[in-house]
>>> print(open('query_20.pdb').read())   # PDB, C-alpha atoms, pLDDT in the B column
ATOM      1  CA  ARG A   1     -55.453  27.015  83.602  1.00 76.00           C
ATOM      2  CA  VAL A   2     -52.707  25.350  81.519  1.00 77.00           C
ATOM      3  CA  ARG A   3     -55.258  24.138  78.977  1.00 77.00           C
ATOM      4  CA  ARG A   4     -56.714  27.659  78.726  1.00 80.00           C
ATOM      5  CA  TYR A   5     -53.470  29.661  78.591  1.00 80.00           C
ATOM      6  CA  GLY A   6     -51.065  27.082  77.170  1.00 81.00           C
ATOM      7  CA  GLY A   7     -47.828  25.627  78.451  1.00 85.00           C
ATOM      8  CA  HIS A   8     -47.063  22.519  80.434  1.00 90.00           C
ATOM      9  CA  CYS A   9     -47.913  21.082  83.804  1.00 94.00           C
ATOM     10  CA  SER A  10     -46.086  18.148  85.369  1.00 97.00           C
ATOM     11  CA  VAL A  11     -47.465  15.854  88.028  1.00 97.00           C
ATOM     12  CA  ALA A  12     -45.341  13.544  90.139  1.00 98.00           C
ATOM     13  CA  ILE A  13     -46.167  10.936  92.729  1.00 98.00           C
ATOM     14  CA  ALA A  14     -43.482   9.971  95.239  1.00 98.00           C
ATOM     15  CA  ASP A  15     -43.623   7.052  97.638  1.00 98.00           C
ATOM     16  CA  VAL A  16     -41.327   6.314 100.574  1.00 98.00           C
ATOM     17  CA  ASP A  17     -39.429   3.079  99.944  1.00 98.00           C
ATOM     18  CA  PHE A  18     -39.916   0.330 102.564  1.00 97.00           C
ATOM     19  CA  PHE A  19     -41.929   2.689 104.778  1.00 97.00           C
ATOM     20  CA  LYS A  20     -43.851  -0.177 106.406  1.00 96.00           C
ATOM     21  CA  HIS A  21     -40.515  -1.483 107.659  1.00 96.00           C
ATOM     22  CA  TYR A  22     -39.702   1.933 109.172  1.00 96.00           C
ATOM     23  CA  ASN A  23     -43.122   2.140 110.852  1.00 94.00           C
ATOM     24  CA  ASP A  24     -42.990  -1.441 112.122  1.00 96.00           C
ATOM     25  CA  ARG A  25     -39.546  -1.008 113.644  1.00 96.00           C
ATOM     26  CA  LEU A  26     -39.906   2.497 115.116  1.00 96.00           C
ATOM     27  CA  GLY A  27     -43.654   2.916 115.557  1.00 96.00           C
ATOM     28  CA  HIS A  28     -46.234   5.121 113.920  1.00 94.00           C
ATOM     29  CA  LEU A  29     -45.269   8.262 115.833  1.00 96.00           C
ATOM     30  CA  ALA A  30     -41.728   8.062 114.473  1.00 96.00           C
ATOM     31  CA  GLY A  31     -43.141   7.321 111.019  1.00 96.00           C
ATOM     32  CA  ASP A  32     -45.407  10.357 111.234  1.00 96.00           C
ATOM     33  CA  GLN A  33     -42.439  12.525 112.223  1.00 96.00           C
ATOM     34  CA  ALA A  34     -40.434  11.196 109.275  1.00 97.00           C
ATOM     35  CA  LEU A  35     -43.304  12.077 106.915  1.00 97.00           C
ATOM     36  CA  ARG A  36     -43.433  15.620 108.315  1.00 96.00           C
ATOM     37  CA  GLU A  37     -39.666  15.958 107.802  1.00 97.00           C
ATOM     38  CA  LEU A  38     -40.024  14.565 104.285  1.00 97.00           C
ATOM     39  CA  ALA A  39     -42.710  17.164 103.505  1.00 96.00           C
ATOM     40  CA  ASP A  40     -40.336  19.890 104.709  1.00 96.00           C
ATOM     41  CA  VAL A  41     -37.543  18.569 102.465  1.00 97.00           C
ATOM     42  CA  MET A  42     -39.945  18.484  99.507  1.00 97.00           C
ATOM     43  CA  ARG A  43     -41.107  22.063 100.076  1.00 95.00           C
ATOM     44  CA  ARG A  44     -37.478  23.230 100.234  1.00 95.00           C
ATOM     45  CA  GLU A  45     -36.435  21.435  97.052  1.00 93.00           C
ATOM     46  CA  LEU A  46     -39.419  22.294  94.864  1.00 95.00           C
ATOM     47  CA  ARG A  47     -39.869  25.680  93.245  1.00 93.00           C
ATOM     48  CA  LEU A  48     -41.846  28.322  95.157  1.00 92.00           C
ATOM     49  CA  HIS A  49     -44.941  27.996  92.960  1.00 92.00           C
ATOM     50  CA  ASP A  50     -44.971  24.171  92.912  1.00 95.00           C
ATOM     51  CA  MET A  51     -47.445  22.358  95.133  1.00 95.00           C
ATOM     52  CA  VAL A  52     -46.877  19.273  97.247  1.00 96.00           C
ATOM     53  CA  ALA A  53     -49.470  17.386  99.273  1.00 95.00           C
ATOM     54  CA  ARG A  54     -49.712  14.103 101.083  1.00 94.00           C
ATOM     55  CA  PHE A  55     -51.620  11.842  98.748  1.00 91.00           C
ATOM     56  CA  GLY A  56     -52.236   8.930 101.081  1.00 88.00           C
ATOM     57  CA  GLY A  57     -50.210   6.793 103.435  1.00 91.00           C
ATOM     58  CA  GLU A  58     -46.599   7.511 102.564  1.00 95.00           C
ATOM     59  CA  GLU A  59     -47.320   8.918  99.109  1.00 97.00           C
ATOM     60  CA  PHE A  60     -47.020  12.557  98.097  1.00 98.00           C
ATOM     61  CA  SER A  61     -48.193  14.248  94.928  1.00 97.00           C
ATOM     62  CA  MET A  62     -46.536  17.268  93.375  1.00 97.00           C
ATOM     63  CA  ILE A  63     -47.893  19.662  90.772  1.00 96.00           C
ATOM     64  CA  MET A  64     -45.344  21.693  88.842  1.00 96.00           C
ATOM     65  CA  ILE A  65     -47.045  24.412  86.785  1.00 90.00           C
ATOM     66  CA  ASN A  66     -45.260  25.659  83.656  1.00 92.00           C
ATOM     67  CA  ALA A  67     -42.797  22.768  83.740  1.00 95.00           C
ATOM     68  CA  SER A  68     -42.446  20.080  81.092  1.00 95.00           C
ATOM     69  CA  LYS A  69     -41.220  16.597  81.981  1.00 96.00           C
ATOM     70  CA  ASP A  70     -37.724  17.550  80.867  1.00 96.00           C
ATOM     71  CA  GLU A  71     -37.791  20.587  83.158  1.00 96.00           C
ATOM     72  CA  SER A  72     -39.335  18.675  86.081  1.00 97.00           C
ATOM     73  CA  LEU A  73     -37.047  15.648  85.956  1.00 97.00           C
ATOM     74  CA  PRO A  74     -33.923  17.422  87.317  1.00 97.00           C
ATOM     75  CA  ILE A  75     -36.040  18.930  90.111  1.00 96.00           C
ATOM     76  CA  LEU A  76     -37.316  15.495  91.094  1.00 97.00           C
ATOM     77  CA  GLU A  77     -33.858  13.972  90.861  1.00 97.00           C
ATOM     78  CA  ARG A  78     -32.478  16.688  93.144  1.00 97.00           C
ATOM     79  CA  LEU A  79     -35.346  16.023  95.552  1.00 98.00           C
ATOM     80  CA  ARG A  80     -34.713  12.263  95.464  1.00 98.00           C
ATOM     81  CA  ALA A  81     -31.012  12.792  96.216  1.00 98.00           C
ATOM     82  CA  GLU A  82     -31.776  15.257  99.039  1.00 98.00           C
ATOM     83  CA  VAL A  83     -34.153  12.777 100.676  1.00 98.00           C
ATOM     84  CA  GLU A  84     -31.542  10.017 100.412  1.00 97.00           C
ATOM     85  CA  GLU A  85     -28.976  12.208 102.208  1.00 97.00           C
ATOM     86  CA  HIS A  86     -31.336  13.720 104.804  1.00 97.00           C
ATOM     87  CA  PRO A  87     -30.519  12.547 108.362  1.00 97.00           C
ATOM     88  CA  PHE A  88     -33.900  11.045 109.221  1.00 96.00           C
ATOM     89  CA  ARG A  89     -34.069   9.582 112.717  1.00 92.00           C
ATOM     90  CA  GLN A  90     -32.681   6.020 112.729  1.00 94.00           C
ATOM     91  CA  ARG A  91     -32.668   5.822 108.950  1.00 95.00           C
ATOM     92  CA  ASP A  92     -30.001   3.134 109.239  1.00 95.00           C
ATOM     93  CA  ILE A  93     -32.668   0.554 110.173  1.00 95.00           C
ATOM     94  CA  GLN A  94     -33.963   0.694 106.613  1.00 96.00           C
ATOM     95  CA  PRO A  95     -32.969  -2.171 104.276  1.00 95.00           C
ATOM     96  CA  THR A  96     -30.763   0.247 102.305  1.00 94.00           C
ATOM     97  CA  GLY A  97     -29.491   2.071 105.396  1.00 95.00           C
ATOM     98  CA  ARG A  98     -31.293   5.254 104.323  1.00 97.00           C
ATOM     99  CA  LEU A  99     -34.815   6.551 103.904  1.00 97.00           C
ATOM    100  CA  THR A 100     -35.413   6.932 100.150  1.00 98.00           C
ATOM    101  CA  ILE A 101     -38.221   7.701  97.737  1.00 98.00           C
ATOM    102  CA  SER A 102     -39.301   6.463  94.351  1.00 98.00           C
ATOM    103  CA  ALA A 103     -41.213   8.756  92.010  1.00 98.00           C
ATOM    104  CA  GLY A 104     -43.236   8.719  88.816  1.00 98.00           C
ATOM    105  CA  LEU A 105     -43.572  11.739  86.556  1.00 98.00           C
ATOM    106  CA  ALA A 106     -46.145  12.623  83.894  1.00 98.00           C
ATOM    107  CA  ALA A 107     -47.192  15.869  82.206  1.00 97.00           C
ATOM    108  CA  PHE A 108     -49.946  17.709  80.390  1.00 95.00           C
ATOM    109  CA  PRO A 109     -50.396  17.636  77.454  1.00 92.00           C
ATOM    110  CA  ASP A 110     -47.975  14.768  76.657  1.00 94.00           C
ATOM    111  CA  ASP A 111     -49.564  12.126  78.884  1.00 96.00           C
ATOM    112  CA  GLY A 112     -53.222  13.073  78.914  1.00 94.00           C
ATOM    113  CA  SER A 113     -55.759  15.842  78.772  1.00 89.00           C
ATOM    114  CA  THR A 114     -57.315  15.406  82.228  1.00 91.00           C
ATOM    115  CA  TYR A 115     -55.864  15.447  85.719  1.00 89.00           C
ATOM    116  CA  GLU A 116     -57.020  11.843  86.191  1.00 94.00           C
ATOM    117  CA  GLU A 117     -55.210  10.648  83.047  1.00 96.00           C
ATOM    118  CA  ILE A 118     -51.986  12.432  83.990  1.00 96.00           C
ATOM    119  CA  LEU A 119     -52.159  11.189  87.584  1.00 96.00           C
ATOM    120  CA  GLY A 120     -52.714   7.646  86.287  1.00 97.00           C
ATOM    121  CA  ARG A 121     -49.637   7.877  84.060  1.00 98.00           C
ATOM    122  CA  ALA A 122     -47.551   9.261  86.966  1.00 98.00           C
ATOM    123  CA  ASP A 123     -48.768   6.369  89.117  1.00 97.00           C
ATOM    124  CA  GLU A 124     -47.772   3.841  86.424  1.00 98.00           C
ATOM    125  CA  ALA A 125     -44.314   5.430  86.247  1.00 98.00           C
ATOM    126  CA  LEU A 126     -44.031   5.248  90.054  1.00 98.00           C
ATOM    127  CA  TYR A 127     -44.723   1.508  89.979  1.00 97.00           C
ATOM    128  CA  ARG A 128     -42.048   1.085  87.297  1.00 98.00           C
ATOM    129  CA  ALA A 129     -39.600   2.879  89.610  1.00 98.00           C
ATOM    130  CA  LYS A 130     -40.551   0.559  92.482  1.00 97.00           C
ATOM    131  CA  HIS A 131     -40.219  -2.576  90.356  1.00 97.00           C
ATOM    132  CA  ALA A 132     -36.918  -1.411  88.868  1.00 97.00           C
ATOM    133  CA  GLY A 133     -35.264  -1.316  92.292  1.00 96.00           C
ATOM    134  CA  ARG A 134     -36.586   1.810  94.093  1.00 97.00           C
ATOM    135  CA  ASN A 135     -34.808   5.087  94.909  1.00 98.00           C
ATOM    136  CA  GLN A 136     -35.271   6.421  91.384  1.00 98.00           C
ATOM    137  CA  VAL A 137     -37.489   8.530  89.164  1.00 98.00           C
ATOM    138  CA  CYS A 138     -39.313   7.033  86.181  1.00 98.00           C
ATOM    139  CA  VAL A 139     -41.025   9.108  83.508  1.00 98.00           C
ATOM    140  CA  ALA A 140     -44.318   8.305  81.771  1.00 98.00           C
ATOM    141  CA  GLY A 141     -43.805   7.423  78.134  1.00 93.00           C
ATOM    142  CA  ARG A 142     -40.211   6.356  78.678  1.00 88.00           C
ATOM    143  CA  GLY A 143     -38.988   2.951  79.670  1.00 70.00           C
ATOM    144  CA  ASP A 144     -40.700  -0.427  79.623  1.00 46.00           C
ATOM    145  CA  GLY A 145     -37.615  -2.069  78.208  1.00 36.00           C
ATOM    146  CA  ASP A 146     -36.900   0.470  75.485  1.00 33.00           C
ATOM    147  CA  GLY A 147     -33.746   1.726  77.181  1.00 34.00           C
ATOM    148  CA  GLU A 148     -35.183   5.154  77.969  1.00 38.00           C
ATOM    149  CA  THR A 149     -36.171   4.690  81.607  1.00 38.00           C
ATOM    150  CA  GLU A 150     -34.822   7.510  83.741  1.00 40.00           C
ATOM    151  CA  GLU A 151     -33.057   5.656  86.528  1.00 39.00           C
ATOM    152  CA  TRP A 152     -31.196   7.318  89.385  1.00 36.00           C
ATOM    153  CA  THR A 153     -29.551   5.139  91.976  1.00 35.00           C
TER     154      THR A 153
END
>>> encode(input="query_20.pdb", output="structure tokens")
Amino acid sequence: RVRRYGGHCSVAIADVDFFKHYNDRLGHLAGDQALRELADVMRRELRLHDMVARFGGEEFSMIMINASKDESLPILERLRAEVEEHPFRQRDIQPTGRLTISAGLAAFPDDGSTYEEILGRADEALYRAKHAGRNQVCVAGRGDGDGETEEWT
């Protein structure tokens, strides 16, 4: 639709930091409940026409129609901060004392012309966020030592 009518579309992938630790300590039922709560937080923080879906394990993907990376970044940062502050059950057992997420962001047409290309770039940005210390958003096409990585701690 964006290719046909023009505009932008951003795709983000978010992953719960140290989620295996949370599951191992509290059990899979508690982990499942935390993921349901996280999905609720995401739906509240995203715009009404944005989509969020569990992508696998503790990963979620988000599609933000008619939003460039520059427009999507503040939304994702607000989401990241909301998750960090949310009173998840026994969040204090986490290594950081809170349940947090890391996210990668990419967009059409800047980062590719197919969903697969854009998703791949968002995934690469997510791994940069994880390797840079977690609990932050990284943007495709920015970073990798050039001083432009979007970091939020």
>>> closest_residue(input="query_20.pdb", among="A:Tyr127, A:Asp40, A:Arg134, A:Asn23", to="Thr96 in chain A", atoms="all atoms listed in the file")
A:Arg134
>>> resolve_selection(input="query_20.pdb", expression="the PyMOL selection byres ((chain A and resi 83) around 12)", output="VMD selection string")
chain A and resid 14 to 17 34 to 35 37 to 45 76 to 82 84 to 88 91 98 to 103 135 to 136
>>> resolve_selection(input="query_20.pdb", expression="the PyMOL selection byres ((chain A and resi 65-67) around 10)", output="list in words")
Arg1, Val2, Gly6, Gly7, His8, Cys9, Ser10, Val11, Arg47, His49, Asp50, Met51, Met62, Ile63, Met64, Ser68, Lys69, Asp70, Glu71, Ser72, Leu73, Ala107 and Phe108 of chain A
>>> closest_residue(input="query_20.pdb", among="A:Arg54, A:Arg89, A:Arg121, A:Arg3", to="Leu26 in chain A", atoms="only C-alpha atoms")
A:Arg89
>>> residues_around(input="query_20.pdb", residues="Asp24 in chain A", least_positions_apart="6", cutoff="12 Å", atoms="all atoms listed in the file", output="list in words")
Phe18, Ala30, Gly31, Ile93 and Gln94 of chain A
>>> closest_residue(input="query_20.pdb", among="A:Ile75, A:Leu126, A:Ala140, A:Leu48", to="Asp110 in chain A", atoms="only C-alpha atoms")
A:Ala140
>>> atom_distance(input="query_20.pdb", atom1="CA of Ser113 in chain A", atom2="CA of His131 in chain A")
26.7 Å
>>> atom_distance(input="query_20.pdb", atom1="CA of Ala125 in chain A", atom2="CA of Val139 in chain A")
5.6 Å
>>> atom_distance(input="query_20.pdb", atom1="CA of Pro109 in chain A", atom2="CA of Cys138 in chain A")
17.6 Å
>>> closest_residue(input="query_20.pdb", among="A:Gly97, A:Phe55, A:Tyr5, A:His28", to="Leu119 in chain A", atoms="all atoms listed in the file")
A:Phe55
>>> axis_aligned_box(input="query_20.pdb", around="range 25-42 of chain A", padding_each_side="8 Å", output="JSON")
{"center_x": -41.9, "center_y": 9.4, "center_z": 107.7, "size_x": 24.7, "size_y": 36.9, "size_z": 32.3}
